[in-house]
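With compact mmCIF, C-alpha atoms (C1' of nucleotides) inside, this is structure_21.txt:
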# COMPACT_ATOMS: atom_id res chain seq x y z
CA MET A 1 37.33 1.73 2.70
CA ALA A 2 33.97 3.04 1.62
CA SER A 3 30.95 1.03 2.64
CA ASP A 4 30.33 -0.23 -0.87
CA THR A 5 29.12 -3.48 0.51
CA ASP A 6 26.41 -1.60 2.30
CA LEU A 7 22.68 -1.30 1.86
CA HIS A 8 21.40 0.35 -1.26
CA HIS A 9 19.65 3.68 -1.09
CA PRO A 10 17.85 5.00 -4.16
CA ALA A 11 19.15 8.30 -5.50
CA ARG A 12 17.03 11.38 -5.01
CA HIS A 13 15.90 11.49 -8.63
CA ASP A 14 14.88 7.86 -8.55
CA LEU A 15 12.37 8.26 -5.74
CA ARG A 16 8.84 7.44 -6.77
CA LEU A 17 5.89 9.07 -5.13
CA THR A 18 3.82 5.90 -5.13
CA ASP A 19 6.60 3.97 -3.42
CA VAL A 20 6.92 6.62 -0.74
CA LEU A 21 3.18 6.66 -0.17
CA PHE A 22 3.11 2.89 0.00
CA ALA A 23 5.94 2.75 2.51
CA LEU A 24 4.12 5.24 4.71
CA SER A 25 0.77 3.50 4.36
CA ASP A 26 1.54 0.84 6.95
CA PRO A 27 0.79 1.84 10.56
CA GLU A 28 3.91 0.22 11.92
CA ARG A 29 6.14 1.85 9.35
CA LEU A 30 4.47 5.20 9.83
CA ALA A 31 5.04 4.91 13.58
CA ILE A 32 8.72 4.31 12.93
CA VAL A 33 8.96 7.39 10.75
CA ARG A 34 7.22 9.44 13.42
CA GLN A 35 9.84 8.38 15.94
CA LEU A 36 12.51 9.50 13.53
CA SER A 37 10.90 12.88 13.04
CA ASP A 38 12.65 14.16 16.16
CA GLY A 39 16.00 13.21 14.73
CA PRO A 40 18.07 10.14 13.88
CA LEU A 41 17.82 7.10 16.11
CA GLU A 42 19.72 3.92 16.49
CA MET A 43 17.59 1.07 15.30
CA ALA A 44 17.70 -0.59 18.68
CA GLN A 45 16.10 2.52 20.21
CA CYS A 46 13.35 2.51 17.65
CA TYR A 47 10.35 0.83 19.23
CA LEU A 48 7.52 -1.10 17.69
CA SER A 49 3.92 -1.44 18.81
CA ASP A 50 4.58 -5.08 19.54
CA PRO A 51 7.86 -5.47 21.42
CA SER A 52 7.90 -9.18 20.74
CA MET A 53 8.05 -8.74 16.99
CA PRO A 54 10.98 -10.71 15.55
CA LYS A 55 13.99 -8.74 14.47
CA SER A 56 13.69 -10.09 10.94
CA THR A 57 10.28 -8.47 10.65
CA LYS A 58 11.58 -5.20 12.04
CA SER A 59 14.44 -5.34 9.58
CA HIS A 60 11.99 -5.88 6.76
CA LEU A 61 9.94 -2.83 7.75
CA MET A 62 13.12 -0.79 7.61
CA LYS A 63 13.95 -2.25 4.23
CA VAL A 64 10.66 -1.11 2.72
CA LEU A 65 11.17 2.39 4.09
CA ARG A 66 14.76 2.48 2.86
CA GLU A 67 14.01 1.16 -0.62
CA ALA A 68 11.26 3.75 -1.02
CA GLY A 69 13.79 6.42 -0.09
CA VAL A 70 12.02 7.47 3.09
CA ILE A 71 14.83 6.64 5.49
CA ARG A 72 18.58 6.31 5.49
CA ASN A 73 20.09 3.30 7.22
CA GLU A 74 23.79 3.46 7.94
CA PRO A 75 26.11 1.43 10.11
CA LEU A 76 26.96 2.92 13.48
CA GLY A 77 28.99 0.97 15.95
CA ARG A 78 27.55 -2.46 16.12
CA GLY A 79 24.11 -1.21 15.19
CA ARG A 80 22.43 1.02 12.65
CA ARG A 81 21.60 4.67 12.57
CA LEU A 82 18.25 5.52 11.02
CA SER A 83 17.21 8.91 9.75
CA ILE A 84 14.56 10.43 7.55
CA ARG A 85 15.81 11.63 4.16
CA HIS A 86 14.23 15.02 4.66
CA ASP A 87 16.18 16.92 2.04
CA ASP A 88 15.61 14.40 -0.70
CA LEU A 89 11.93 14.00 0.09
CA GLU A 90 11.43 17.73 0.27
CA ALA A 91 13.22 18.25 -3.02
CA ARG A 92 11.09 15.72 -4.84
CA PHE A 93 7.77 15.96 -3.00
CA PRO A 94 7.58 19.34 -1.32
CA GLY A 95 5.44 19.42 1.77
CA LEU A 96 4.61 15.74 1.68
CA ILE A 97 6.58 14.41 4.60
CA GLY A 98 5.65 17.45 6.66
CA SER A 99 1.94 16.93 6.12
CA VAL A 100 2.21 13.24 6.88
CA LEU A 101 4.14 13.83 10.09
CA GLY A 102 1.97 16.77 10.99
CA ALA A 103 -1.26 14.82 10.81
CA SER A 104 -2.81 13.93 14.13
CA VAL A 105 -1.78 10.57 15.45
CA ASP A 106 -5.18 9.19 16.46
CA ALA A 107 -7.36 6.45 14.93
CA MET B 1 -36.34 8.78 -2.42
CA ALA B 2 -33.05 9.34 -0.69
CA SER B 3 -30.17 7.25 -1.93
CA ASP B 4 -30.01 5.21 1.26
CA THR B 5 -29.19 2.17 -0.77
CA ASP B 6 -26.13 3.95 -2.03
CA LEU B 7 -22.42 3.45 -1.60
CA HIS B 8 -20.93 4.04 1.79
CA HIS B 9 -18.57 6.92 2.38
CA PRO B 10 -16.62 7.10 5.63
CA ALA B 11 -17.31 10.15 7.76
CA ARG B 12 -14.63 12.79 7.99
CA HIS B 13 -13.58 11.82 11.49
CA ASP B 14 -13.26 8.19 10.50
CA LEU B 15 -10.66 8.77 7.80
CA ARG B 16 -7.37 7.09 8.52
CA LEU B 17 -4.13 8.49 7.24
CA THR B 18 -2.69 5.08 6.42
CA ASP B 19 -5.74 4.17 4.37
CA VAL B 20 -5.51 7.41 2.42
CA LEU B 21 -1.81 6.88 1.77
CA PHE B 22 -2.44 3.32 0.70
CA ALA B 23 -5.19 4.33 -1.69
CA LEU B 24 -2.88 6.90 -3.27
CA SER B 25 0.07 4.53 -3.44
CA ASP B 26 -1.13 2.77 -6.56
CA PRO B 27 -0.13 4.46 -9.84
CA GLU B 28 -3.48 3.81 -11.48
CA ARG B 29 -5.42 5.18 -8.53
CA LEU B 30 -3.13 8.17 -8.23
CA ALA B 31 -3.67 8.91 -11.93
CA ILE B 32 -7.41 8.86 -11.35
CA VAL B 33 -7.11 11.31 -8.49
CA ARG B 34 -4.98 13.58 -10.62
CA GLN B 35 -7.69 13.67 -13.26
CA LEU B 36 -10.15 14.66 -10.59
CA SER B 37 -7.94 17.47 -9.33
CA ASP B 38 -9.35 19.76 -12.00
CA GLY B 39 -12.85 19.13 -10.75
CA PRO B 40 -15.48 16.40 -10.63
CA LEU B 41 -15.77 13.99 -13.52
CA GLU B 42 -18.22 11.41 -14.61
CA MET B 43 -16.70 8.02 -14.18
CA ALA B 44 -17.07 7.26 -17.88
CA GLN B 45 -14.87 10.30 -18.66
CA CYS B 46 -12.22 9.16 -16.24
CA TYR B 47 -9.56 7.39 -18.26
CA LEU B 48 -7.17 4.63 -17.31
CA SER B 49 -3.68 3.91 -18.57
CA ASP B 50 -5.00 0.74 -20.12
CA PRO B 51 -8.26 1.45 -21.96
CA SER B 52 -9.02 -2.25 -22.20
CA MET B 53 -9.17 -2.71 -18.45
CA PRO B 54 -12.46 -4.36 -17.47
CA LYS B 55 -15.06 -2.18 -15.84
CA SER B 56 -15.07 -4.40 -12.76
CA THR B 57 -11.43 -3.56 -12.18
CA LYS B 58 -12.06 0.12 -12.71
CA SER B 59 -14.93 -0.06 -10.27
CA HIS B 60 -12.69 -1.71 -7.73
CA LEU B 61 -10.08 1.04 -8.02
CA MET B 62 -12.82 3.55 -7.32
CA LYS B 63 -13.97 1.51 -4.36
CA VAL B 64 -10.55 1.59 -2.71
CA LEU B 65 -10.37 5.36 -3.18
CA ARG B 66 -13.89 5.81 -1.87
CA GLU B 67 -13.47 3.58 1.17
CA ALA B 68 -10.30 5.42 2.11
CA GLY B 69 -12.26 8.67 1.90
CA VAL B 70 -10.27 10.11 -0.96
CA ILE B 71 -13.13 10.43 -3.43
CA ARG B 72 -16.87 10.83 -3.40
CA ASN B 73 -18.89 8.64 -5.76
CA GLU B 74 -22.49 9.69 -6.32
CA PRO B 75 -25.11 8.73 -8.84
CA LEU B 76 -25.60 11.13 -11.72
CA GLY B 77 -27.93 10.26 -14.53
CA ARG B 78 -27.15 6.76 -15.55
CA GLY B 79 -23.56 7.06 -14.45
CA ARG B 80 -21.53 8.24 -11.51
CA ARG B 81 -20.02 11.54 -10.57
CA LEU B 82 -16.60 11.35 -8.96
CA SER B 83 -14.95 14.07 -6.94
CA ILE B 84 -12.10 14.49 -4.50
CA ARG B 85 -13.17 15.02 -0.89
CA HIS B 86 -10.98 18.07 -0.60
CA ASP B 87 -12.60 19.63 2.46
CA ASP B 88 -12.57 16.44 4.49
CA LEU B 89 -9.02 15.57 3.53
CA GLU B 90 -7.82 19.07 4.24
CA ALA B 91 -9.54 19.12 7.61
CA ARG B 92 -7.99 15.87 8.71
CA PHE B 93 -4.64 15.91 6.91
CA PRO B 94 -3.78 19.52 6.09
CA GLY B 95 -1.58 19.93 3.06
CA LEU B 96 -1.46 16.26 2.24
CA ILE B 97 -3.58 16.06 -0.88
CA GLY B 98 -2.04 19.28 -2.16
CA SER B 99 1.49 17.96 -1.84
CA VAL B 100 0.54 14.69 -3.48
CA LEU B 101 -1.18 16.39 -6.39
CA GLY B 102 1.51 19.01 -6.61
CA ALA B 103 4.33 16.50 -6.96
CA SER B 104 5.77 16.16 -10.43
CA VAL B 105 4.14 13.48 -12.50
CA ASP B 106 7.22 11.76 -13.89
CA ALA B 107 8.77 8.41 -13.04
C1' DC C 1 -41.71 -2.18 -22.63
C1' DT C 2 -37.17 -3.06 -24.89
C1' DG C 3 -32.54 -2.24 -25.70
C1' DA C 4 -28.39 0.18 -24.67
C1' DT C 5 -25.41 2.45 -21.31
C1' DA C 6 -22.95 2.71 -16.88
C1' DG C 7 -21.61 0.68 -12.87
C1' DT C 8 -21.60 -2.49 -8.71
C1' DT C 9 -21.01 -6.95 -6.59
C1' DC C 10 -19.60 -11.67 -6.22
C1' DG C 11 -16.45 -15.54 -6.48
C1' DA C 12 -12.38 -17.60 -8.04
C1' DA C 13 -7.63 -17.27 -9.69
C1' DT C 14 -3.42 -14.85 -9.39
C1' DA C 15 -0.03 -11.86 -7.60
C1' DA C 16 2.13 -9.23 -4.07
C1' DT C 17 3.10 -8.47 0.94
C1' DT C 18 3.94 -9.79 5.40
C1' DT C 19 5.63 -12.72 8.93
C1' DC C 20 8.70 -15.80 11.06
C1' DG C 21 12.70 -18.72 12.17
C1' DA C 22 17.20 -20.09 10.97
C1' DA C 23 21.58 -18.98 9.20
C1' DC C 24 24.93 -15.61 8.51
C1' DA C 25 27.90 -11.09 9.16
C1' DA C 26 29.98 -7.31 11.64
C1' DT C 27 31.16 -5.02 15.84
C1' DT C 28 32.15 -4.70 20.74
C1' DC C 29 33.50 -6.56 25.26
C1' DT C 30 36.22 -9.40 28.22
C1' DA D 1 40.07 -15.59 20.64
C1' DG D 2 35.33 -16.35 22.25
C1' DA D 3 30.87 -14.67 23.58
C1' DA D 4 27.31 -11.24 23.30
C1' DT D 5 24.91 -7.64 20.68
C1' DT D 6 22.71 -5.88 16.36
C1' DG D 7 21.10 -6.53 12.17
C1' DT D 8 20.58 -8.55 7.36
C1' DT D 9 19.18 -12.20 4.27
C1' DC D 10 16.88 -16.30 2.73
C1' DG D 11 13.01 -19.39 2.09
C1' DA D 12 8.57 -21.04 3.25
C1' DA D 13 3.93 -20.17 5.02
C1' DA D 14 0.18 -17.19 5.77
C1' DT D 15 -2.27 -13.15 4.73
C1' DT D 16 -3.89 -9.39 1.55
C1' DA D 17 -4.67 -7.22 -2.72
C1' DT D 18 -5.58 -7.32 -7.48
C1' DT D 19 -7.75 -8.88 -11.61
C1' DC D 20 -11.32 -10.70 -14.36
C1' DG D 21 -15.75 -12.49 -16.01
C1' DA D 22 -20.46 -13.22 -15.08
C1' DA D 23 -24.60 -11.81 -12.99
C1' DC D 24 -27.17 -8.10 -11.39
C1' DT D 25 -29.15 -3.03 -10.76
C1' DA D 26 -30.53 1.35 -12.36
C1' DT D 27 -31.22 4.98 -15.68
C1' DC D 28 -32.12 6.75 -20.18
C1' DA D 29 -33.71 6.68 -25.17
C1' DG D 30 -37.01 5.16 -28.36
Write out the structure in this file as structure tokens.
Amino acid sequence: MASDTDLHHPARHDLRLTDVLFALSDPERLAIVRQLSDGPLEMAQCYLSDPSMPKSTKSHLMKVLREAGVIRNEPLGRGRRLSIRHDDLEARFPGLIGSVLGASVDA
Amino acid sequence: MASDTDLHHPARHDLRLTDVLFALSDPERLAIVRQLSDGPLEMAQCYLSDPSMPKSTKSHLMKVLREAGVIRNEPLGRGRRLSIRHDDLEARFPGLIGSVLGASVDA
DNA sequence: CTGATAGTTCGAATAATTTCGAACAATTCT
DNA sequence: AGAATTGTTCGAAATTATTCGAACTATCAG
């Protein structure tokens, strides 16, 4: 049956700009989103700056991004498939995600 | 003499995307920036959602925006003139401030 | 000079986030 | 079924951010 018991994703019209900006304002979370800019990834293939970071912390980073509506997190096999909610973000905040991802990656 | 003793503003090349996003991720701060999008304002003419908010809190909001490089805060008469650092933001993060200010203002 | 206006800064209290380990759930592999 | 792999969730501890009042600085008006 449908994955009702699954993680909640806010609807497009419920996205809030400040929540999106906040989610992207953490370097680790921004780095995750950058990795996803080339296309969906399985969570296990999504790397963090500190490889020894506990999985609960990684999961929490994903939760903040998901609850802000930045990423989609769906079950895939025994893991999770992560993707940027491009269409929804573009519909609500045109140009935003592009300018964030387009910005140079340095300091 | 020169306002050496004045508030510090980060140089253009020192602006960090995450700091800018964080500064803009607070509804009150974002509302301030929106007011400035029509042009510079004196701080006293810059209104907050809660008019009874203490001036120390208001000053702190401005500080976060200034330290992130979002706004300029310079002495003018007995007050302060606030303005968005459009050129610097555009140079470092093209399109970003426009997409943030362009986004619809609702919930 | 005095008083009023406009802000900044400091320190302390409060609130919100982040981090981590342990416990739990679902899926795959053998 | 049992073990390994991937993650989520919960609760407590640690870190950050916010809020506020009081003290201080500077400018302007009289």
Within 12 Å of chain B, which residues of chain C are there when counting only C-alpha atoms (C1' of nucleotides)? Please give them as a VMD selection string.
chain C and resid 4 to 10
Review point. What is the distance, in Å and to one decimal place, between atom CA of Pro10 of chain A and atom CA of Arg92 of chain A?
Key: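 Between these atoms lies a distance of 12.7 Å.
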Of D:DG7, D:DG2, D:DG21, D:DG30, the one sitting nearest chain A when using all atoms listed in the file is D:DG7
Output the coordinates of chain A after least-squares fitting to chain B on all in-order C-alpha pairs, as a PDB file with C-alpha atoms, keeping the file's coordinate frame.
ATOM      1  CA  MET A   1     -36.238   9.256  -1.423  1.00  0.00           C
ATOM      2  CA  ALA A   2     -32.720   9.615  -0.132  1.00  0.00           C
ATOM      3  CA  SER A   3     -30.103   7.386  -1.676  1.00  0.00           C
ATOM      4  CA  ASP A   4     -29.814   5.219   1.408  1.00  0.00           C
ATOM      5  CA  THR A   5     -29.197   2.234  -0.747  1.00  0.00           C
ATOM      6  CA  ASP A   6     -26.142   3.953  -2.086  1.00  0.00           C
ATOM      7  CA  LEU A   7     -22.433   3.437  -1.669  1.00  0.00           C
ATOM      8  CA  HIS A   8     -20.944   4.011   1.729  1.00  0.00           C
ATOM      9  CA  HIS A   9     -18.601   6.897   2.334  1.00  0.00           C
ATOM     10  CA  PRO A  10     -16.661   7.072   5.592  1.00  0.00           C
ATOM     11  CA  ALA A  11     -17.356  10.131   7.722  1.00  0.00           C
ATOM     12  CA  ARG A  12     -14.689  12.787   7.948  1.00  0.00           C
ATOM     13  CA  HIS A  13     -13.646  11.802  11.460  1.00  0.00           C
ATOM     14  CA  ASP A  14     -13.318   8.176  10.478  1.00  0.00           C
ATOM     15  CA  LEU A  15     -10.710   8.771   7.795  1.00  0.00           C
ATOM     16  CA  ARG A  16      -7.420   7.082   8.516  1.00  0.00           C
ATOM     17  CA  LEU A  17      -4.180   8.482   7.256  1.00  0.00           C
ATOM     18  CA  THR A  18      -2.737   5.078   6.440  1.00  0.00           C
ATOM     19  CA  ASP A  19      -5.785   4.174   4.375  1.00  0.00           C
ATOM     20  CA  VAL A  20      -5.541   7.407   2.426  1.00  0.00           C
ATOM     21  CA  LEU A  21      -1.847   6.886   1.800  1.00  0.00           C
ATOM     22  CA  PHE A  22      -2.476   3.326   0.718  1.00  0.00           C
ATOM     23  CA  ALA A  23      -5.221   4.329  -1.687  1.00  0.00           C
ATOM     24  CA  LEU A  24      -2.916   6.894  -3.256  1.00  0.00           C
ATOM     25  CA  SER A  25       0.042   4.529  -3.414  1.00  0.00           C
ATOM     26  CA  ASP A  26      -1.147   2.768  -6.555  1.00  0.00           C
ATOM     27  CA  PRO A  27      -0.137   4.457  -9.829  1.00  0.00           C
ATOM     28  CA  GLU A  28      -3.470   3.826 -11.473  1.00  0.00           C
ATOM     29  CA  ARG A  29      -5.419   5.170  -8.535  1.00  0.00           C
ATOM     30  CA  LEU A  30      -3.144   8.165  -8.224  1.00  0.00           C
ATOM     31  CA  ALA A  31      -3.667   8.905 -11.918  1.00  0.00           C
ATOM     32  CA  ILE A  32      -7.409   8.862 -11.352  1.00  0.00           C
ATOM     33  CA  VAL A  33      -7.124  11.310  -8.484  1.00  0.00           C
ATOM     34  CA  ARG A  34      -4.969  13.585 -10.614  1.00  0.00           C
ATOM     35  CA  GLN A  35      -7.679  13.676 -13.257  1.00  0.00           C
ATOM     36  CA  LEU A  36     -10.151  14.655 -10.589  1.00  0.00           C
ATOM     37  CA  SER A  37      -7.952  17.454  -9.328  1.00  0.00           C
ATOM     38  CA  ASP A  38      -9.357  19.756 -12.004  1.00  0.00           C
ATOM     39  CA  GLY A  39     -12.859  19.129 -10.774  1.00  0.00           C
ATOM     40  CA  PRO A  40     -15.484  16.386 -10.649  1.00  0.00           C
ATOM     41  CA  LEU A  41     -15.751  13.987 -13.556  1.00  0.00           C
ATOM     42  CA  GLU A  42     -18.200  11.406 -14.655  1.00  0.00           C
ATOM     43  CA  MET A  43     -16.667   8.006 -14.240  1.00  0.00           C
ATOM     44  CA  ALA A  44     -17.003   7.267 -17.919  1.00  0.00           C
ATOM     45  CA  GLN A  45     -14.815  10.301 -18.683  1.00  0.00           C
ATOM     46  CA  CYS A  46     -12.178   9.157 -16.264  1.00  0.00           C
ATOM     47  CA  TYR A  47      -9.506   7.382 -18.271  1.00  0.00           C
ATOM     48  CA  LEU A  48      -7.123   4.643 -17.309  1.00  0.00           C
ATOM     49  CA  SER A  49      -3.623   3.921 -18.558  1.00  0.00           C
ATOM     50  CA  ASP A  50      -4.931   0.755 -20.135  1.00  0.00           C
ATOM     51  CA  PRO A  51      -8.180   1.452 -21.980  1.00  0.00           C
ATOM     52  CA  SER A  52      -8.927  -2.238 -22.221  1.00  0.00           C
ATOM     53  CA  MET A  53      -9.083  -2.701 -18.474  1.00  0.00           C
ATOM     54  CA  PRO A  54     -12.362  -4.380 -17.491  1.00  0.00           C
ATOM     55  CA  LYS A  55     -14.978  -2.205 -15.899  1.00  0.00           C
ATOM     56  CA  SER A  56     -15.020  -4.403 -12.810  1.00  0.00           C
ATOM     57  CA  THR A  57     -11.376  -3.567 -12.211  1.00  0.00           C
ATOM     58  CA  LYS A  58     -12.010   0.126 -12.736  1.00  0.00           C
ATOM     59  CA  SER A  59     -14.905  -0.072 -10.320  1.00  0.00           C
ATOM     60  CA  HIS A  60     -12.667  -1.727  -7.771  1.00  0.00           C
ATOM     61  CA  LEU A  61     -10.062   1.035  -8.036  1.00  0.00           C
ATOM     62  CA  MET A  62     -12.809   3.536  -7.334  1.00  0.00           C
ATOM     63  CA  LYS A  63     -13.978   1.480  -4.392  1.00  0.00           C
ATOM     64  CA  VAL A  64     -10.570   1.585  -2.724  1.00  0.00           C
ATOM     65  CA  LEU A  65     -10.387   5.345  -3.191  1.00  0.00           C
ATOM     66  CA  ARG A  66     -13.926   5.801  -1.897  1.00  0.00           C
ATOM     67  CA  GLU A  67     -13.519   3.560   1.141  1.00  0.00           C
ATOM     68  CA  ALA A  68     -10.345   5.416   2.097  1.00  0.00           C
ATOM     69  CA  GLY A  69     -12.311   8.655   1.900  1.00  0.00           C
ATOM     70  CA  VAL A  70     -10.300  10.097  -0.968  1.00  0.00           C
ATOM     71  CA  ILE A  71     -13.156  10.413  -3.435  1.00  0.00           C
ATOM     72  CA  ARG A  72     -16.901  10.798  -3.432  1.00  0.00           C
ATOM     73  CA  ASN A  73     -18.903   8.634  -5.807  1.00  0.00           C
ATOM     74  CA  GLU A  74     -22.490   9.651  -6.385  1.00  0.00           C
ATOM     75  CA  PRO A  75     -25.094   8.678  -8.931  1.00  0.00           C
ATOM     76  CA  LEU A  76     -25.570  11.073 -11.818  1.00  0.00           C
ATOM     77  CA  GLY A  77     -27.868  10.194 -14.642  1.00  0.00           C
ATOM     78  CA  ARG A  78     -27.088   6.702 -15.672  1.00  0.00           C
ATOM     79  CA  GLY A  79     -23.499   7.025 -14.543  1.00  0.00           C
ATOM     80  CA  ARG A  80     -21.495   8.218 -11.575  1.00  0.00           C
ATOM     81  CA  ARG A  81     -20.002  11.519 -10.629  1.00  0.00           C
ATOM     82  CA  LEU A  82     -16.590  11.327  -8.994  1.00  0.00           C
ATOM     83  CA  SER A  83     -14.969  14.052  -6.962  1.00  0.00           C
ATOM     84  CA  ILE A  84     -12.136  14.471  -4.518  1.00  0.00           C
ATOM     85  CA  ARG A  85     -13.222  15.024  -0.911  1.00  0.00           C
ATOM     86  CA  HIS A  86     -11.027  18.078  -0.608  1.00  0.00           C
ATOM     87  CA  ASP A  87     -12.652  19.614   2.438  1.00  0.00           C
ATOM     88  CA  ASP A  88     -12.627  16.444   4.471  1.00  0.00           C
ATOM     89  CA  LEU A  89      -9.068  15.569   3.526  1.00  0.00           C
ATOM     90  CA  GLU A  90      -7.878  19.070   4.246  1.00  0.00           C
ATOM     91  CA  ALA A  91      -9.619  19.100   7.603  1.00  0.00           C
ATOM     92  CA  ARG A  92      -8.042  15.853   8.706  1.00  0.00           C
ATOM     93  CA  PHE A  93      -4.692  15.909   6.906  1.00  0.00           C
ATOM     94  CA  PRO A  94      -3.835  19.499   6.094  1.00  0.00           C
ATOM     95  CA  GLY A  95      -1.644  19.926   3.069  1.00  0.00           C
ATOM     96  CA  LEU A  96      -1.516  16.246   2.244  1.00  0.00           C
ATOM     97  CA  ILE A  97      -3.628  16.056  -0.867  1.00  0.00           C
ATOM     98  CA  GLY A  98      -2.099  19.277  -2.147  1.00  0.00           C
ATOM     99  CA  SER A  99       1.435  17.959  -1.832  1.00  0.00           C
ATOM    100  CA  VAL A 100       0.502  14.681  -3.460  1.00  0.00           C
ATOM    101  CA  LEU A 101      -1.207  16.382  -6.386  1.00  0.00           C
ATOM    102  CA  GLY A 102       1.494  18.995  -6.593  1.00  0.00           C
ATOM    103  CA  ALA A 103       4.299  16.493  -6.964  1.00  0.00           C
ATOM    104  CA  SER A 104       5.736  16.162 -10.434  1.00  0.00           C
ATOM    105  CA  VAL A 105       4.131  13.476 -12.508  1.00  0.00           C
ATOM    106  CA  ASP A 106       7.238  11.773 -13.898  1.00  0.00           C
ATOM    107  CA  ALA A 107       8.832   8.387 -13.128  1.00  0.00           C
TER     108      ALA A 107
END
Kindly determine which residues of chain D lie within 8 Å of chain B, considering all atoms listed in the file, and give the answer as an mmCIF file with C-alpha atoms (C1' of nucleotides), in the frame of the given file.
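For reference, result05.cif as written:
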data_model
loop_
_atom_site.group_PDB
_atom_site.id
_atom_site.type_symbol
_atom_site.label_atom_id
_atom_site.label_comp_id
_atom_site.auth_asym_id
_atom_site.auth_seq_id
_atom_site.Cartn_x
_atom_site.Cartn_y
_atom_site.Cartn_z
ATOM 1 C "C1'" DT D 19 -7.750 -8.880 -11.610
ATOM 2 C "C1'" DC D 20 -11.320 -10.700 -14.360
ATOM 3 C "C1'" DA D 26 -30.530 1.350 -12.360
ATOM 4 C "C1'" DT D 27 -31.220 4.980 -15.680
ATOM 5 C "C1'" DC D 28 -32.120 6.750 -20.180
#
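The nearest approach to chain A among the residues B:Arg29, B:Asp50, B:Ser99, B:Val105, with all atoms listed in the file taken into account, belongs to B:Ser99.
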Could you list, with a cut-off of 8 Å and counting only C-alpha atoms, the residues of chain A near chain B, each shown with its nearest atom pair and the distance in Å rounded to one decimal, rows sorted by chain and ascending number, as CSV?
residue,atom,partner,partner_atom,distance
A:Asp14,CA,B:Ala107,CA,7.6
A:Arg16,CA,B:Ala107,CA,6.3
A:Leu17,CA,B:Ser25,CA,7.6
A:Thr18,CA,B:Ser25,CA,4.3
A:Asp19,CA,B:Ser25,CA,6.6
A:Val20,CA,B:Ser25,CA,7.7
A:Leu21,CA,B:Ser25,CA,5.0
A:Phe22,CA,B:Ser25,CA,4.9
A:Leu24,CA,B:Leu21,CA,6.8
A:Ser25,CA,B:Thr18,CA,4.3
A:Asp26,CA,B:Thr18,CA,6.0
A:Pro27,CA,B:Thr18,CA,6.3
A:Leu30,CA,B:Thr18,CA,7.9
A:Arg92,CA,B:Ala103,CA,7.1
A:Phe93,CA,B:Ala103,CA,5.3
A:Pro94,CA,B:Ser99,CA,6.3
A:Gly95,CA,B:Ser99,CA,5.5
A:Leu96,CA,B:Ser99,CA,5.2
A:Ser99,CA,B:Leu96,CA,5.2
A:Val100,CA,B:Leu96,CA,6.6
A:Gly102,CA,B:Phe93,CA,7.8
A:Ala103,CA,B:Phe93,CA,5.3
A:Ser104,CA,B:Phe93,CA,7.7
A:Ala107,CA,B:Arg16,CA,6.4
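Considering the residues C:DT18, C:DC29, C:DC24, C:DA13 and counting only C-alpha atoms (C1' of nucleotides), DA14 of chain D has its shortest atom-to-atom contact with C:DT18.
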**Item:** Which of B:Leu65, B:Asp6, B:Ile32, B:Ser37 sits closest to Ser49 of chain B [using all atoms listed in the file]
**Value:**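 Closest to Ser49 of chain B of all the choices is B:Ile32.
Computed from the coordinates, the atom CA of His86 of chain A to atom CA of Arg66 of chain A distance equals 12.7 Å.
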Self-check item: Contacts of Ile84 of chain A within 7 Å, only C-alpha atoms (C1' of nucleotides), excl. fewer than 5 positions in-chain, as JSON, numbers by chain
Solution: {"A": [36, 70, 71, 72]}
Between atom C1' of DT28 of chain C and atom CA of Glu74 of chain A, what is the distance in Å, rounded to a tenth?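 Interatomic distance, atom C1' of DT28 of chain C to atom CA of Glu74 of chain A: 17.3 Å.
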With 12 Å as the threshold, what does the neighbourhood of (12.5, -16.9, 3.5) contain in terms of residues, counting all atoms listed in the file? Coordinates are those of the file; answer as a list in words. Ser56, Thr57 and His60 of chain A; DT18, DT19, DC20, DG21, DA22 and DA23 of chain C; DT9, DC10, DG11, DA12 and DA13 of chain D
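Nearest-residue note for Gly69 of chain B: choosing from B:Asp87, B:Leu48, B:Arg81, B:Arg34, the minimum distance belongs to B:Asp87, counting all atoms listed in the file.
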